[in-house]
$ cat final.cif   # mmCIF, C-alpha atoms
data_data
loop_
_atom_site.group_PDB
_atom_site.id
_atom_site.type_symbol
_atom_site.label_atom_id
_atom_site.label_comp_id
_atom_site.auth_asym_id
_atom_site.auth_seq_id
_atom_site.Cartn_x
_atom_site.Cartn_y
_atom_site.Cartn_z
ATOM 1 C CA MET A 1 -8.413 4.465 -26.004
ATOM 2 C CA SER A 2 -7.920 5.124 -29.682
ATOM 3 C CA ARG A 3 -5.216 3.400 -31.705
ATOM 4 C CA LYS A 4 -3.645 6.778 -32.423
ATOM 5 C CA ARG A 5 -3.387 7.592 -28.707
ATOM 6 C CA GLN A 6 -2.011 4.115 -27.940
ATOM 7 C CA ASN A 7 0.728 4.624 -30.517
ATOM 8 C CA GLN A 8 1.516 8.079 -29.141
ATOM 9 C CA ILE A 9 1.997 6.652 -25.662
ATOM 10 C CA ILE A 10 4.177 3.833 -26.988
ATOM 11 C CA ASP A 11 6.234 6.383 -28.977
ATOM 12 C CA GLU A 12 6.739 8.468 -25.836
ATOM 13 C CA ILE A 13 7.998 5.448 -23.911
ATOM 14 C CA ILE A 14 10.330 4.469 -26.773
ATOM 15 C CA HIS A 15 11.637 8.027 -26.945
ATOM 16 C CA SER A 16 12.298 8.110 -23.191
ATOM 17 C CA ILE A 17 14.166 4.806 -23.229
ATOM 18 C CA THR A 18 16.187 5.954 -26.245
ATOM 19 C CA LEU A 19 17.182 9.157 -24.432
ATOM 20 C CA VAL A 20 18.427 7.176 -21.453
ATOM 21 C CA SER A 21 20.368 4.867 -23.722
ATOM 22 C CA GLU A 22 21.981 7.701 -25.683
ATOM 23 C CA ASN A 23 22.782 9.972 -22.733
ATOM 24 C CA GLN A 24 24.357 7.389 -20.450
ATOM 25 C CA SER A 25 27.807 6.704 -21.820
ATOM 26 C CA SER A 26 28.712 4.463 -18.894
ATOM 27 C CA LEU A 27 26.109 1.787 -19.617
ATOM 28 C CA SER A 28 27.286 -1.784 -19.627
ATOM 29 C CA VAL A 29 26.574 -4.088 -22.552
ATOM 30 C CA LYS A 30 23.975 -5.853 -20.414
ATOM 31 C CA ASP A 31 22.188 -2.565 -19.684
ATOM 32 C CA ARG A 32 22.226 -1.566 -23.357
ATOM 33 C CA ASN A 33 20.773 -4.956 -24.279
ATOM 34 C CA ILE A 34 17.972 -4.551 -21.745
ATOM 35 C CA LEU A 35 17.079 -1.142 -23.162
ATOM 36 C CA ALA A 36 17.307 -2.367 -26.767
ATOM 37 C CA GLU A 37 15.101 -5.372 -26.002
ATOM 38 C CA SER A 38 12.529 -3.093 -24.385
ATOM 39 C CA ILE A 39 12.502 -0.805 -27.415
ATOM 40 C CA ASP A 40 12.164 -3.802 -29.767
ATOM 41 C CA GLU A 41 9.173 -5.130 -27.835
ATOM 42 C CA LEU A 42 7.471 -1.736 -27.892
ATOM 43 C CA ASN A 43 8.107 -1.338 -31.616
ATOM 44 C CA ARG A 44 6.597 -4.774 -32.263
ATOM 45 C CA LEU A 45 3.551 -3.819 -30.214
ATOM 46 C CA LYS A 46 3.174 -0.501 -32.028
ATOM 47 C CA LYS A 47 3.281 -2.119 -35.469
ATOM 48 C CA LYS A 48 0.857 -4.896 -34.607
ATOM 49 C CA LYS A 49 -2.605 -4.460 -36.069
ATOM 50 C CA GLY A 50 -5.662 -5.414 -34.032
ATOM 51 C CA LYS A 51 -3.868 -5.572 -30.710
ATOM 52 C CA THR A 52 -6.012 -6.290 -27.667
ATOM 53 C CA TYR A 53 -5.797 -4.546 -24.325
ATOM 54 C CA LYS A 54 -4.433 -7.793 -22.873
ATOM 55 C CA GLU A 55 -1.577 -7.814 -25.409
ATOM 56 C CA ILE A 56 -0.814 -4.192 -24.599
ATOM 57 C CA GLU A 57 -0.904 -4.949 -20.884
ATOM 58 C CA ASN A 58 1.367 -7.981 -21.263
ATOM 59 C CA THR A 59 3.921 -6.103 -23.341
ATOM 60 C CA ILE A 60 3.985 -3.110 -21.009
ATOM 61 C CA SER A 61 4.403 -5.472 -18.036
ATOM 62 C CA PHE A 62 7.271 -7.227 -19.811
ATOM 63 C CA VAL A 63 8.982 -3.926 -20.598
ATOM 64 C CA CYS A 64 8.508 -2.688 -17.033
ATOM 65 C CA SER A 65 10.077 -5.851 -15.638
ATOM 66 C CA LYS A 66 13.048 -5.379 -17.994
ATOM 67 C CA LEU A 67 13.429 -1.742 -16.962
ATOM 68 C CA LEU A 68 13.301 -2.661 -13.278
ATOM 69 C CA LYS A 69 16.334 -4.895 -13.896
ATOM 70 C CA PHE A 70 18.059 -1.937 -15.522
ATOM 71 C CA PHE A 71 17.384 0.433 -12.631
ATOM 72 C CA LYS A 72 18.457 -2.007 -9.889
#
$ encode --input "final.cif" --output "structure tokens"
Amino acid sequence: MSRKRQNQIIDEIIHSITLVSENQSSLSVKDRNILAESIDELNRLKKKKGKTYKEIENTISFVCSKLLKFFK
């Protein structure tokens, strides 16, 4: 997968998480922190040069585990 496509996918995930964060006024501080941490991790991944598929996989897994805590 090209770097451009990887960044597009990461941007789409960031955008989706941001929409949830902005449109849910009843979120607790804990929930907002989970979403913010997920966005921060994705932004770090997007900016990193020379990322490997393993790094991408690890970051996406981390973000998914954070989001599962949010949706419980």
$ resolve_selection --input "final.cif" --expression "the PyMOL selection byres ((chain A and resi 69) around 12)" --output "ChimeraX atom specification"
/A:30-35,38,62-68,70-72
$ closest_residue --input "final.cif" --among "A:Ser2, A:Ala36, A:Thr59, A:Thr52" --to "Glu22 in chain A" --atoms "only C-alpha atoms"
A:Ala36
$ axis_aligned_box --input "final.cif" --around "range 7-24 of chain A" --padding-each-side "8 Å" --output "AutoDock Vina command-line options"
--center_x 12.5 --center_y 6.9 --center_z -25.5 --size_x 39.6 --size_y 22.1 --size_z 26.1
$ closest_residue --input "final.cif" --among "A:Ser21, A:Ile56, A:Lys46, A:Asp40" --to "Lys4 in chain A" --atoms "all atoms listed in the file"
A:Lys46
$ residues_around --input "final.cif" --residues "Asn43 in chain A" --least-positions-apart "3" --cutoff "10 Å" --atoms "only C-alpha atoms" --output "PDB file with C-alpha atoms, in the frame of the given file"
ATOM      1  CA  ASN A   7       0.728   4.624 -30.517  1.00  0.00           C
ATOM      2  CA  ILE A  10       4.177   3.833 -26.988  1.00  0.00           C
ATOM      3  CA  ASP A  11       6.234   6.383 -28.977  1.00  0.00           C
ATOM      4  CA  ILE A  14      10.330   4.469 -26.773  1.00  0.00           C
ATOM      5  CA  GLU A  37      15.101  -5.372 -26.002  1.00  0.00           C
ATOM      6  CA  SER A  38      12.529  -3.093 -24.385  1.00  0.00           C
ATOM      7  CA  ILE A  39      12.502  -0.805 -27.415  1.00  0.00           C
ATOM      8  CA  ASP A  40      12.164  -3.802 -29.767  1.00  0.00           C
ATOM      9  CA  LYS A  46       3.174  -0.501 -32.028  1.00  0.00           C
ATOM     10  CA  LYS A  47       3.281  -2.119 -35.469  1.00  0.00           C
ATOM     11  CA  LYS A  48       0.857  -4.896 -34.607  1.00  0.00           C
TER      12      LYS A  48
END
$ atom_distance --input "final.cif" --atom1 "CA of Met1 in chain A" --atom2 "CA of Val20 in chain A"
27.4 Å
$ atom_distance --input "final.cif" --atom1 "CA of Gln24 in chain A" --atom2 "CA of Arg5 in chain A"
28.9 Å
$ atom_distance --input "final.cif" --atom1 "CA of Leu42 in chain A" --atom2 "CA of Asn23 in chain A"
20.0 Å
$ closest_residue --input "final.cif" --among "A:Ile60, A:Leu27, A:Ile9, A:Leu19" --to "Glu41 in chain A" --atoms "all atoms listed in the file"
A:Ile60
$ decode --input "final.cif" --residues "range 54-71 of chain A" --atoms "N, CA and C atoms" --output "tab-separated table (two decimals), in the first residue's frame"
chain	number	residue	atom	x	y	z
A	54	LYS	N	4.56	-3.40	10.50
A	54	LYS	CA	4.44	-3.84	11.89
A	54	LYS	C	4.11	-2.65	12.80
A	55	GLU	N	4.75	-1.51	12.56
A	55	GLU	CA	4.45	-0.30	13.34
A	55	GLU	C	3.01	0.16	13.11
A	56	ILE	N	2.58	0.09	11.87
A	56	ILE	CA	1.21	0.46	11.53
A	56	ILE	C	0.24	-0.49	12.24
A	57	GLU	N	0.53	-1.77	12.15
A	57	GLU	CA	-0.31	-2.78	12.78
A	57	GLU	C	-0.38	-2.58	14.30
A	58	ASN	N	0.76	-2.33	14.92
A	58	ASN	CA	0.79	-2.13	16.37
A	58	ASN	C	0.00	-0.90	16.79
A	59	THR	N	0.14	0.18	16.04
A	59	THR	CA	-0.58	1.41	16.39
A	59	THR	C	-2.08	1.24	16.20
A	60	ILE	N	-2.47	0.62	15.11
A	60	ILE	CA	-3.90	0.40	14.86
A	60	ILE	C	-4.48	-0.52	15.93
A	61	SER	N	-3.73	-1.53	16.33
A	61	SER	CA	-4.19	-2.43	17.41
A	61	SER	C	-4.35	-1.67	18.72
A	62	PHE	N	-3.40	-0.80	19.01
A	62	PHE	CA	-3.46	0.02	20.23
A	62	PHE	C	-4.70	0.92	20.21
A	63	VAL	N	-4.92	1.57	19.09
A	63	VAL	CA	-6.07	2.47	18.96
A	63	VAL	C	-7.38	1.69	19.07
A	64	CYS	N	-7.43	0.53	18.44
A	64	CYS	CA	-8.64	-0.29	18.53
A	64	CYS	C	-8.92	-0.71	19.96
A	65	SER	N	-7.89	-1.08	20.70
A	65	SER	CA	-8.09	-1.47	22.09
A	65	SER	C	-8.59	-0.29	22.92
A	66	LYS	N	-8.08	0.91	22.64
A	66	LYS	CA	-8.57	2.12	23.32
A	66	LYS	C	-10.04	2.38	22.96
A	67	LEU	N	-10.38	2.24	21.70
A	67	LEU	CA	-11.75	2.50	21.28
A	67	LEU	C	-12.72	1.46	21.84
A	68	LEU	N	-12.26	0.24	22.00
A	68	LEU	CA	-13.13	-0.78	22.61
A	68	LEU	C	-13.46	-0.39	24.04
A	69	LYS	N	-12.52	0.20	24.76
A	69	LYS	CA	-12.81	0.69	26.12
A	69	LYS	C	-13.85	1.80	26.07
A	70	PHE	N	-13.77	2.63	25.06
A	70	PHE	CA	-14.73	3.73	24.92
A	70	PHE	C	-16.13	3.20	24.66
A	71	PHE	N	-16.26	2.19	23.81
A	71	PHE	CA	-17.58	1.71	23.42
A	71	PHE	C	-18.17	0.70	24.39
